[in-house]
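Listing of upload.cif, mmCIF, C-alpha atoms and all ligand atoms
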```cif
data_work
loop_
_atom_site.label_atom_id
_atom_site.label_comp_id
_atom_site.auth_asym_id
_atom_site.auth_seq_id
_atom_site.Cartn_x
_atom_site.Cartn_y
_atom_site.Cartn_z
CA MET A 22 101.45 35.10 305.48
CA PRO A 23 101.24 31.58 303.96
CA SER A 24 103.84 29.03 305.09
CA ASP A 25 106.28 27.85 302.43
CA PHE A 26 107.34 24.25 301.91
CA ARG A 27 109.94 22.83 299.52
CA ILE A 28 108.95 19.44 298.12
CA ALA A 29 111.52 17.27 296.31
CA VAL A 30 109.75 15.39 293.52
CA PHE A 31 111.08 12.12 292.10
CA SER A 32 108.92 11.39 289.04
CA GLY A 33 110.73 8.11 288.40
CA ASP A 34 110.11 5.49 285.75
CA GLY A 35 107.28 3.76 283.87
CA ILE A 36 103.95 5.23 284.97
CA GLY A 37 105.85 7.44 287.47
CA PRO A 38 105.82 10.69 285.45
CA GLU A 39 102.20 10.02 284.35
CA ILE A 40 100.95 9.96 287.95
CA THR A 41 103.33 12.64 289.26
CA ALA A 42 102.02 15.44 287.01
CA PRO A 43 98.35 15.06 288.06
CA THR A 44 99.37 14.66 291.73
CA CYS A 45 101.26 17.97 291.66
CA ARG A 46 98.28 19.53 289.84
CA VAL A 47 95.91 18.40 292.62
CA LEU A 48 98.29 19.62 295.36
CA ARG A 49 98.63 23.01 293.61
CA LYS A 50 94.85 23.29 293.44
CA LEU A 51 94.67 22.65 297.21
CA GLN A 52 97.26 25.38 297.74
CA ASP A 53 95.25 27.81 295.58
CA LEU A 54 91.97 26.99 297.35
CA SER A 55 93.48 27.27 300.82
CA ARG A 56 95.77 30.27 300.17
CA ARG A 57 97.34 29.57 303.58
CA PHE A 58 100.36 27.51 302.42
CA GLN A 59 102.67 27.32 299.43
CA LEU A 60 104.34 24.28 297.96
CA HIS A 61 107.47 24.64 295.83
CA PHE A 62 108.10 21.51 293.78
CA GLU A 63 111.76 20.77 293.01
CA ASP A 64 112.51 18.15 290.38
CA ALA A 65 114.92 15.40 291.53
CA PRO A 66 115.97 13.25 288.54
CA ALA A 67 116.73 9.62 289.46
CA GLY A 68 115.78 6.06 288.60
CA ALA A 69 116.25 3.50 285.86
CA SER A 70 115.67 5.70 282.80
CA HIS A 71 117.95 8.37 284.29
CA TYR A 72 120.60 5.66 284.78
CA ALA A 73 120.19 4.56 281.15
CA LYS A 74 120.77 8.16 279.99
CA THR A 75 123.53 9.24 282.37
CA GLY A 76 125.01 6.19 284.15
CA GLU A 77 123.75 7.52 287.53
CA SER A 78 120.66 6.19 289.29
CA LEU A 79 120.63 8.57 292.28
CA PRO A 80 122.72 11.67 291.46
CA ALA A 81 124.29 13.49 294.42
CA ALA A 82 122.41 16.66 293.41
CA SER A 83 119.04 14.85 293.66
CA LEU A 84 119.99 13.38 297.04
CA ALA A 85 120.93 16.88 298.23
CA THR A 86 117.60 18.29 296.96
CA ALA A 87 115.83 15.52 298.88
CA ARG A 88 117.77 16.10 302.10
CA GLU A 89 117.14 19.83 302.08
CA ALA A 90 113.45 19.64 301.19
CA HIS A 91 110.69 19.75 303.82
CA ALA A 92 109.30 16.52 302.34
CA ILE A 93 109.92 14.09 299.47
CA LEU A 94 107.25 13.01 297.01
CA LEU A 95 108.27 9.94 295.06
CA SER A 96 106.25 8.11 292.43
CA ALA A 97 107.59 4.75 291.28
CA MET A 98 111.09 3.80 290.26
CA GLY A 99 112.72 0.86 288.52
CA ASP A 100 112.35 -0.93 285.21
CA PRO A 101 113.06 -4.65 284.88
CA ALA A 102 114.52 -3.95 281.42
CA ILE A 103 117.23 -1.58 282.77
CA ARG A 104 119.64 -3.08 285.34
CA TYR A 105 123.06 -2.58 286.89
CA PRO A 106 125.89 -4.61 285.30
CA ASP A 107 125.50 -7.25 288.10
CA GLY A 108 121.89 -7.82 287.02
CA THR A 109 120.20 -6.22 290.05
CA GLU A 110 117.33 -3.78 289.60
CA ILE A 111 117.66 -0.05 290.10
CA SER A 112 115.84 1.03 293.29
CA PRO A 113 116.92 4.51 294.47
CA GLN A 114 113.88 4.51 296.78
CA ILE A 115 115.55 1.76 298.88
CA GLU A 116 118.82 3.74 298.92
CA LEU A 117 116.90 6.82 300.12
CA ARG A 118 115.34 4.80 302.95
CA LYS A 119 118.80 3.66 304.09
CA GLU A 120 120.58 7.00 303.55
CA MET A 121 117.98 8.93 305.54
CA GLY A 122 117.23 6.35 308.22
CA LEU A 123 113.51 6.16 307.43
CA TYR A 124 112.61 3.63 310.12
CA ALA A 125 108.82 4.05 310.31
CA GLY A 126 106.89 2.77 307.29
CA LEU A 127 103.26 3.92 307.40
CA ARG A 128 100.72 1.84 305.46
CA PRO A 129 97.15 3.03 305.92
CA VAL A 130 94.40 0.47 305.30
CA ARG A 131 91.05 2.12 304.52
CA ILE A 132 87.99 0.59 302.97
CA ALA A 133 85.50 3.30 302.05
CA PRO A 134 82.36 2.91 299.90
CA GLY A 135 83.30 1.93 296.33
CA TYR A 136 86.65 0.35 297.27
CA PRO A 137 86.88 -3.01 295.47
CA THR A 138 87.54 -4.96 298.67
CA PRO A 139 87.26 -8.75 298.52
CA LEU A 140 85.71 -8.64 302.04
CA ARG A 141 81.98 -8.73 302.65
CA LEU A 142 81.75 -6.10 305.38
CA PRO A 143 78.70 -5.70 307.63
CA GLN A 144 76.94 -2.51 306.48
CA ASP A 145 77.76 -0.27 309.42
CA ARG A 146 81.44 -1.23 309.57
CA VAL A 147 84.18 1.20 308.54
CA VAL A 148 87.72 -0.05 308.05
CA ASP A 149 90.37 2.57 308.75
CA PHE A 150 93.56 1.45 310.43
CA MET A 151 97.27 2.23 310.15
CA LEU A 152 100.05 -0.32 309.98
CA VAL A 153 103.47 0.96 311.08
CA ARG A 154 106.33 -1.20 309.83
CA GLU A 155 109.83 -0.78 311.22
CA SER A 156 111.85 -0.41 308.03
CA THR A 157 115.59 -0.47 308.83
CA GLU A 158 116.26 -3.54 310.98
CA GLY A 159 114.38 -6.70 312.09
CA LEU A 160 114.97 -9.65 309.77
CA PHE A 161 115.88 -7.30 306.92
CA TRP A 162 118.99 -6.30 308.90
CA SER A 163 120.38 -9.57 307.56
CA MET A 164 120.08 -8.57 303.88
CA GLY A 165 123.37 -9.46 302.22
CA ARG A 166 124.72 -10.94 305.48
CA GLY A 167 123.13 -14.39 305.42
CA GLU A 168 125.45 -17.40 305.86
CA VAL A 169 124.92 -20.38 303.63
CA THR A 170 126.92 -23.62 303.76
CA PRO A 171 126.09 -26.75 301.76
CA ASP A 172 124.01 -28.02 304.71
CA GLU A 173 122.74 -24.97 306.50
CA ALA A 174 121.52 -21.41 305.98
CA ARG A 175 121.28 -18.71 308.66
CA GLU A 176 119.87 -15.18 308.76
CA THR A 177 119.94 -13.00 311.87
CA LEU A 178 117.11 -10.77 313.12
CA VAL A 179 118.20 -7.60 314.92
CA ILE A 180 116.00 -5.38 317.07
CA THR A 181 117.63 -2.44 318.85
CA ARG A 182 116.27 -0.51 321.81
CA GLU A 183 117.14 2.82 320.19
CA THR A 184 115.25 2.26 316.92
CA SER A 185 112.35 0.53 318.69
CA ARG A 186 111.89 3.45 321.08
CA LYS A 187 111.85 5.96 318.22
CA LEU A 188 109.46 3.74 316.27
CA PHE A 189 107.03 3.42 319.20
CA ARG A 190 107.12 7.14 319.93
CA GLN A 191 106.29 7.96 316.29
CA THR A 192 103.50 5.40 316.46
CA PHE A 193 101.94 6.77 319.66
CA GLU A 194 102.16 10.34 318.32
CA LEU A 195 100.36 9.18 315.20
CA ALA A 196 97.69 7.44 317.30
CA ARG A 197 97.19 10.74 319.16
CA GLN A 198 96.67 12.65 315.91
CA ARG A 199 94.18 10.05 314.65
CA SER A 200 92.36 10.04 317.97
CA ALA A 201 92.04 13.86 317.97
CA ARG A 202 90.78 13.86 314.39
CA GLN A 203 88.34 10.99 314.81
CA GLY A 204 87.14 12.10 318.25
CA ARG A 205 87.57 8.66 319.77
CA GLN A 206 89.99 6.87 322.07
CA GLY A 207 93.11 5.74 320.21
CA ARG A 208 94.69 2.30 320.55
CA VAL A 209 98.12 0.98 319.54
CA THR A 210 98.66 -2.75 319.15
CA CYS A 211 102.16 -4.21 319.16
CA VAL A 212 102.31 -7.12 316.69
CA ASP A 213 105.03 -9.67 317.44
CA LYS A 214 105.77 -13.30 318.26
CA ALA A 215 106.76 -12.75 321.88
CA ASN A 216 105.54 -16.20 322.92
CA VAL A 217 108.28 -17.91 320.88
CA PHE A 218 111.22 -15.55 320.37
CA ARG A 219 113.22 -13.62 322.96
CA ALA A 220 113.87 -10.81 320.46
CA PHE A 221 110.11 -10.21 320.22
CA ALA A 222 109.69 -10.36 324.01
CA PHE A 223 112.32 -7.59 324.08
CA PHE A 224 110.41 -5.66 321.36
CA ARG A 225 107.21 -5.96 323.44
CA ASP A 226 108.98 -4.87 326.65
CA VAL A 227 110.31 -1.71 324.96
CA PHE A 228 106.80 -1.11 323.59
CA LYS A 229 105.27 -1.35 327.08
CA SER A 230 107.75 1.08 328.60
CA GLU A 231 107.20 3.65 325.81
CA ALA A 232 103.40 3.23 326.11
CA ALA A 233 103.62 4.48 329.71
CA ALA A 234 104.36 7.98 328.37
CA TYR A 235 101.00 8.00 326.51
CA PRO A 236 98.33 7.34 329.16
CA ASP A 237 95.66 8.86 326.87
CA ILE A 238 96.18 6.10 324.26
CA ALA A 239 95.16 2.50 324.99
CA HIS A 240 97.68 -0.21 324.15
CA ASP A 241 97.77 -3.97 323.80
CA ALA A 242 99.71 -6.66 321.95
CA SER A 243 98.90 -9.44 319.53
CA TYR A 244 100.82 -12.33 318.02
CA VAL A 245 101.34 -11.86 314.31
CA ASP A 246 99.42 -14.99 313.28
CA ALA A 247 96.37 -13.92 315.30
CA MET A 248 96.64 -10.43 313.76
CA ALA A 249 96.67 -11.83 310.20
CA LEU A 250 93.37 -13.54 311.03
CA LYS A 251 91.91 -10.43 312.64
CA MET A 252 92.81 -8.23 309.66
CA VAL A 253 90.50 -10.45 307.61
CA SER A 254 87.80 -11.34 310.19
CA ALA A 255 87.32 -8.03 312.07
CA PRO A 256 89.47 -5.27 310.48
CA TRP A 257 87.05 -2.58 311.69
CA ALA A 258 88.21 -3.21 315.28
CA LEU A 259 91.81 -2.11 314.53
CA ASP A 260 93.30 1.36 314.99
CA VAL A 261 97.13 1.54 314.87
CA LEU A 262 99.40 -1.53 314.57
CA VAL A 263 103.17 -1.46 314.99
CA THR A 264 105.45 -4.30 314.00
CA GLU A 265 108.87 -5.59 312.97
CA ASN A 266 110.13 -5.21 309.38
CA MET A 267 109.45 -8.71 307.98
CA PHE A 268 106.04 -9.06 309.65
CA GLY A 269 105.20 -5.56 308.38
CA ASP A 270 106.30 -6.48 304.87
CA ILE A 271 103.82 -9.34 304.79
CA LEU A 272 100.93 -7.65 306.64
CA SER A 273 101.14 -4.51 304.49
CA ASP A 274 100.52 -6.53 301.32
CA LEU A 275 97.61 -8.20 303.08
CA GLY A 276 96.33 -4.69 303.88
CA ALA A 277 96.65 -3.54 300.23
CA GLY A 278 94.78 -6.71 299.20
CA LEU A 279 91.96 -5.90 301.64
CA MET A 280 91.57 -2.45 300.08
CA GLY A 281 91.16 -4.14 296.73
CA GLY A 282 93.95 -2.75 294.66
CA LEU A 283 97.46 -1.39 294.45
CA GLY A 284 96.15 1.70 292.67
CA LEU A 285 94.51 2.83 295.94
CA ALA A 286 97.33 2.13 298.43
CA PRO A 287 99.45 5.13 299.58
CA SER A 288 102.42 4.99 301.96
CA ALA A 289 105.00 7.02 303.87
CA ASP A 290 108.51 6.28 305.15
CA ILE A 291 109.39 8.50 308.09
CA GLY A 292 112.70 9.19 309.85
CA ASP A 293 113.85 11.73 312.42
CA THR A 294 114.21 14.57 309.92
CA ASN A 295 113.16 13.34 306.46
CA ALA A 296 110.13 11.61 305.07
CA VAL A 297 109.29 10.04 301.71
CA PHE A 298 105.70 9.70 300.46
CA GLN A 299 105.00 7.26 297.65
CA PRO A 300 102.36 4.87 296.32
CA CYS A 301 102.78 1.21 297.34
CA HIS A 302 102.81 0.08 293.72
CA GLY A 303 105.78 -0.13 291.34
CA SER A 304 106.37 1.51 287.96
CA ALA A 305 103.93 -0.81 286.15
CA PRO A 306 105.88 -1.01 282.86
CA ASP A 307 103.03 -3.10 281.37
CA ILE A 308 100.73 -0.05 281.22
CA ALA A 309 103.29 2.78 281.01
CA GLY A 310 102.86 5.37 278.26
CA ARG A 311 99.14 4.74 277.78
CA GLY A 312 97.86 7.39 280.18
CA VAL A 313 95.59 4.94 282.01
CA ALA A 314 97.49 4.49 285.30
CA ASN A 315 95.46 5.10 288.42
CA PRO A 316 96.86 8.25 290.10
CA ILE A 317 94.88 7.79 293.36
CA ALA A 318 97.57 5.97 295.40
CA MET A 319 100.03 8.76 294.63
CA ILE A 320 97.49 11.54 295.22
CA LEU A 321 96.66 10.00 298.61
CA SER A 322 100.41 9.75 299.35
CA GLY A 323 100.47 13.51 298.70
CA GLY A 324 97.68 13.80 301.28
CA MET A 325 99.76 11.86 303.82
CA MET A 326 102.59 14.31 303.11
CA LEU A 327 100.33 17.29 303.89
CA ASP A 328 99.26 15.57 307.11
CA TRP A 329 102.86 14.90 308.18
CA LEU A 330 103.92 18.48 307.39
CA ALA A 331 100.87 19.71 309.33
CA ALA A 332 101.87 17.79 312.46
CA ARG A 333 105.54 18.67 312.16
CA HIS A 334 105.00 22.39 311.65
CA GLY A 335 101.79 22.78 313.66
CA ASP A 336 100.02 24.01 310.52
CA ALA A 337 96.23 23.63 310.67
CA ALA A 338 95.75 24.71 307.03
CA LEU A 339 97.76 21.72 305.81
CA ALA A 340 95.79 19.34 308.06
CA GLU A 341 92.53 20.74 306.68
CA ALA A 342 93.80 20.35 303.09
CA ALA A 343 94.70 16.69 303.79
CA THR A 344 91.23 15.96 305.21
CA ARG A 345 89.54 17.63 302.24
CA LEU A 346 91.70 15.73 299.77
CA GLN A 347 90.74 12.41 301.38
CA ALA A 348 87.05 13.33 301.27
CA ALA A 349 87.22 14.47 297.61
CA THR A 350 89.02 11.26 296.59
CA ASP A 351 86.52 9.10 298.51
CA LYS A 352 83.70 10.92 296.71
CA VAL A 353 85.18 10.20 293.26
CA ILE A 354 85.67 6.51 294.12
CA ALA A 355 82.18 6.12 295.63
CA ASP A 356 80.61 7.91 292.65
CA GLY A 357 82.32 5.45 290.30
CA ALA A 358 81.78 7.55 287.12
CA THR A 359 85.44 8.54 286.65
CA LEU A 360 87.76 5.63 287.39
CA THR A 361 90.73 4.08 285.60
CA PRO A 362 90.51 0.54 284.10
CA ASP A 363 92.13 -1.14 287.15
CA LEU A 364 89.01 -0.12 289.12
CA GLY A 365 86.64 -1.18 286.34
CA GLY A 366 86.30 2.28 284.77
CA ASN A 367 87.30 3.62 281.37
CA SER A 368 88.67 7.05 282.29
CA ASP A 369 92.27 8.10 281.89
CA THR A 370 94.75 9.29 284.53
CA GLU A 371 94.19 13.01 283.97
CA ALA A 372 90.38 12.64 284.03
CA VAL A 373 90.57 11.10 287.52
CA ALA A 374 92.67 14.05 288.71
CA ASP A 375 90.15 16.44 287.09
CA ALA A 376 87.30 14.70 288.95
CA ILE A 377 89.15 15.02 292.27
CA ILE A 378 89.81 18.71 291.57
CA SER A 379 86.09 19.28 290.77
CA ALA A 380 85.14 17.53 294.03
CA LEU A 381 87.59 19.75 295.93
CA GLU A 382 86.25 22.91 294.30
CA SER A 383 82.61 22.07 294.90
CA GLY A 384 83.26 21.14 298.54
CA TRP A 385 85.31 24.25 299.37
CA SER A 386 83.59 27.01 301.29
P1 LIG B 401 107.65 -3.40 292.20
O1 LIG B 401 108.35 -4.70 292.42
O2 LIG B 401 108.47 -2.37 291.49
O3 LIG B 401 106.93 -2.87 293.42
P2 LIG B 401 105.52 -4.95 291.14
O4 LIG B 401 106.19 -6.09 290.45
O5 LIG B 401 104.89 -5.18 292.48
O6 LIG B 401 106.50 -3.69 291.19
P3 LIG B 401 103.74 -3.10 289.95
O7 LIG B 401 104.56 -2.24 289.08
O8 LIG B 401 103.30 -2.53 291.24
O9 LIG B 401 104.46 -4.47 290.14
O10 LIG B 401 102.50 -3.60 289.14
C1 LIG B 401 101.76 -4.79 289.48
C2 LIG B 401 100.47 -4.82 288.65
O11 LIG B 401 99.60 -3.79 289.11
C3 LIG B 401 100.72 -4.52 287.17
O12 LIG B 401 99.84 -5.30 286.37
C4 LIG B 401 100.40 -3.07 287.04
O13 LIG B 401 99.94 -2.70 285.75
C5 LIG B 401 99.31 -2.86 288.08
N1 LIG B 401 99.40 -1.50 288.64
C6 LIG B 401 100.32 -1.04 289.52
N2 LIG B 401 100.12 0.24 289.79
C7 LIG B 401 99.04 0.63 289.09
C8 LIG B 401 98.34 1.86 288.93
N3 LIG B 401 98.71 2.97 289.58
N4 LIG B 401 97.29 1.90 288.09
C9 LIG B 401 96.90 0.79 287.44
N5 LIG B 401 97.51 -0.40 287.53
C10 LIG B 401 98.57 -0.49 288.34
#
```
Starting from the file, lay out its structure as structure tokens.
Ligand code: ATP
Amino acid sequence: MPSDFRIAVFSGDGIGPEITAPTCRVLRKLQDLSRRFQLHFEDAPAGASHYAKTGESLPAASLATAREAHAILLSAMGDPAIRYPDGTEISPQIELRKEMGLYAGLRPVRIAPGYPTPLRLPQDRVVDFMLVRESTEGLFWSMGRGEVTPDEARETLVITRETSRKLFRQTFELARQRSARQGRQGRVTCVDKANVFRAFAFFRDVFKSEAAAYPDIAHDASYVDAMALKMVSAPWALDVLVTENMFGDILSDLGAGLMGGLGLAPSADIGDTNAVFQPCHGSAPDIAGRGVANPIAMILSGGMMLDWLAARHGDAALAEAATRLQAATDKVIADGATLTPDLGGNSDTEAVADAIISALESGWS
């Protein structure tokens, strides 16, 4: 009896719908090949174009669909040309993060053959690490609360024991899954500035006490400046990094830069009960409507969703599907014959999805 999963799908704005359709097509193909799970996609209208049509950017019905789903697949939302009356941009994805308490932002950094990385890697080196960014507090806690006088400006950083503990537990669990899959000892590195700020010494202390519950996973700590250097000079030595919101904001863009392009960077935002999976890039209005957007970041976000569902529901078929999807996508990138213009190719969005589907079919046994 296959397991059933309801997936809320936010197709969003700009290139959003163009990359959502092929992503769902690839996920359906995985379901058909596996025959051991079923995905039911439920449309959740939201975003800037929905706001332009209806006056609502995140309708209550879509929020309810998202809350009740097993997972949320979100493409890209927002359009600089459509704004609220106060001039701010429409970002239901940020509202979702707040509404659902999605405190762990997962940003994988992988450099496989064919990735347009600006690094010159030694031949035998593989880069495959995970950055976990706390996403609800830290310096971002201060958003909208900053105090500015004519002579002074202040913002407050907040780190709580409760959120930090949950963040570190999620991180160590993730390190365990990676370690089991890769067949090697896992390591979590706490990235902070504990030598200068008491709040980060606190963050590191909480990290150390949570690490004690995971004796099978190695742990250490690094100052954020040293880590920025290491991400560039020896990224192959990293496994799982966990850090505060603002540091994570900066390091995750550095990570996307190391991979060589936004079109390849997937992400996940995880809470206690809900999780959103979406590409790191925005709605790219400059190329919307032309059918040339790279769907790979969103397809790989779909793979992260399968992986998360697999761990949450103890479902080996989903884990296998996620691994096969990664391998098929890597094959298409390394082959280089079917890529969108952002990766130097001349194929369109649907052709890339077709190539990934062919790679999945030919690899399935
Ligand atoms: P946001 O602030 O909403 O995250 P942004 O300002 O960072 O958005 P993006 O929409 O991510 O901008 O686009 C940045 C550049 O990358 C644009 O030139 C866009 O065309 C390109 N880009 C983004 N995503 C893709 C994609 N999937 N395929 C091809 N090009 C992309």
Taking into account all atoms listed in the file, which residue in the set A:Gly108, A:Pro38, A:Gly122, A:Gly99 is nearest to ligand LIG 401 (chain B)? A:Gly99
Pick out the closest residue to ligand LIG 401 (chain B) from this set: A:Gln203, A:Thr359, A:Ser112, A:Thr170. Count only C-alpha atoms and all ligand atoms. A:Ser112
Got a sec to check which residues lie within 6 Å of ligand LIG 401 (chain B), using all atoms listed in the file, and send them as a PyMOL selection string? chain A and resi 283-284+302-305+307-308+314-316+363
Keeping only C-alpha atoms, take the residues you just selected and write them out as an mmCIF file, keeping the file's coordinate frame.
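So again.cif came out as:
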```cif
data_model
loop_
_atom_site.group_PDB
_atom_site.id
_atom_site.type_symbol
_atom_site.label_atom_id
_atom_site.label_comp_id
_atom_site.auth_asym_id
_atom_site.auth_seq_id
_atom_site.Cartn_x
_atom_site.Cartn_y
_atom_site.Cartn_z
ATOM 1 C CA LEU A 283 97.460 -1.390 294.450
ATOM 2 C CA GLY A 284 96.150 1.700 292.670
ATOM 3 C CA HIS A 302 102.810 0.080 293.720
ATOM 4 C CA GLY A 303 105.780 -0.130 291.340
ATOM 5 C CA SER A 304 106.370 1.510 287.960
ATOM 6 C CA ALA A 305 103.930 -0.810 286.150
ATOM 7 C CA ASP A 307 103.030 -3.100 281.370
ATOM 8 C CA ILE A 308 100.730 -0.050 281.220
ATOM 9 C CA ALA A 314 97.490 4.490 285.300
ATOM 10 C CA ASN A 315 95.460 5.100 288.420
ATOM 11 C CA PRO A 316 96.860 8.250 290.100
ATOM 12 C CA ASP A 363 92.130 -1.140 287.150
#
```
Could you list, as a ChimeraX atom specification, every residue within 10 Å of Asp293 (chain A), counting only C-alpha atoms and ignoring same-chain residues fewer than 3 positions away? /A:121-125,187-188,191,296
Could you give me, as a Markdown table, every region 115-171 of chain A residue with an atom at most 12 Å from region 245-257 of chain A, plus its closest atom pair and distance in Å to one decimal, counting all atoms listed in the file, rows ordered by chain then number?
```
| residue | atom | partner | partner_atom | distance |
| --- | --- | --- | --- | --- |
| A:Val130 | CA | A:Pro256 | CA | 9.2 |
| A:Arg131 | CA | A:Trp257 | CA | 9.5 |
| A:Ile132 | CA | A:Trp257 | CA | 9.3 |
| A:Ala133 | CA | A:Trp257 | CA | 11.4 |
| A:Thr138 | CA | A:Val253 | CA | 10.9 |
| A:Pro139 | CA | A:Val253 | CA | 9.8 |
| A:Leu140 | CA | A:Val253 | CA | 7.6 |
| A:Arg141 | CA | A:Ser254 | CA | 9.9 |
| A:Leu142 | CA | A:Ala255 | CA | 8.9 |
| A:Pro143 | CA | A:Trp257 | CA | 9.8 |
| A:Gln144 | CA | A:Trp257 | CA | 11.4 |
| A:Asp145 | CA | A:Trp257 | CA | 9.8 |
| A:Arg146 | CA | A:Trp257 | CA | 6.1 |
| A:Val147 | CA | A:Trp257 | CA | 5.7 |
| A:Val148 | CA | A:Trp257 | CA | 4.5 |
| A:Asp149 | CA | A:Trp257 | CA | 6.8 |
| A:Phe150 | CA | A:Trp257 | CA | 7.8 |
| A:Met151 | CA | A:Pro256 | CA | 10.8 |
| A:Leu152 | CA | A:Met252 | CA | 10.7 |
```
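For region 237-242 of chain A, the residues within 6 Å (counting only C-alpha atoms, excluding itself and residues fewer than 4 positions away along the chain) are Gly207, Arg208, Val209, Thr210, Cys211 and Val212 of chain A.
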One decimal, Å: what's the distance from CA of Pro362 (chain A) over to CA of Thr41 (chain A), could you say?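 The value is 18.4 Å.
In this comparison, which uses only C-alpha atoms, the residue of A:Val227, A:Ala289, A:Gly204, A:Arg128 approaching Leu275 (chain A) most closely is A:Arg128.
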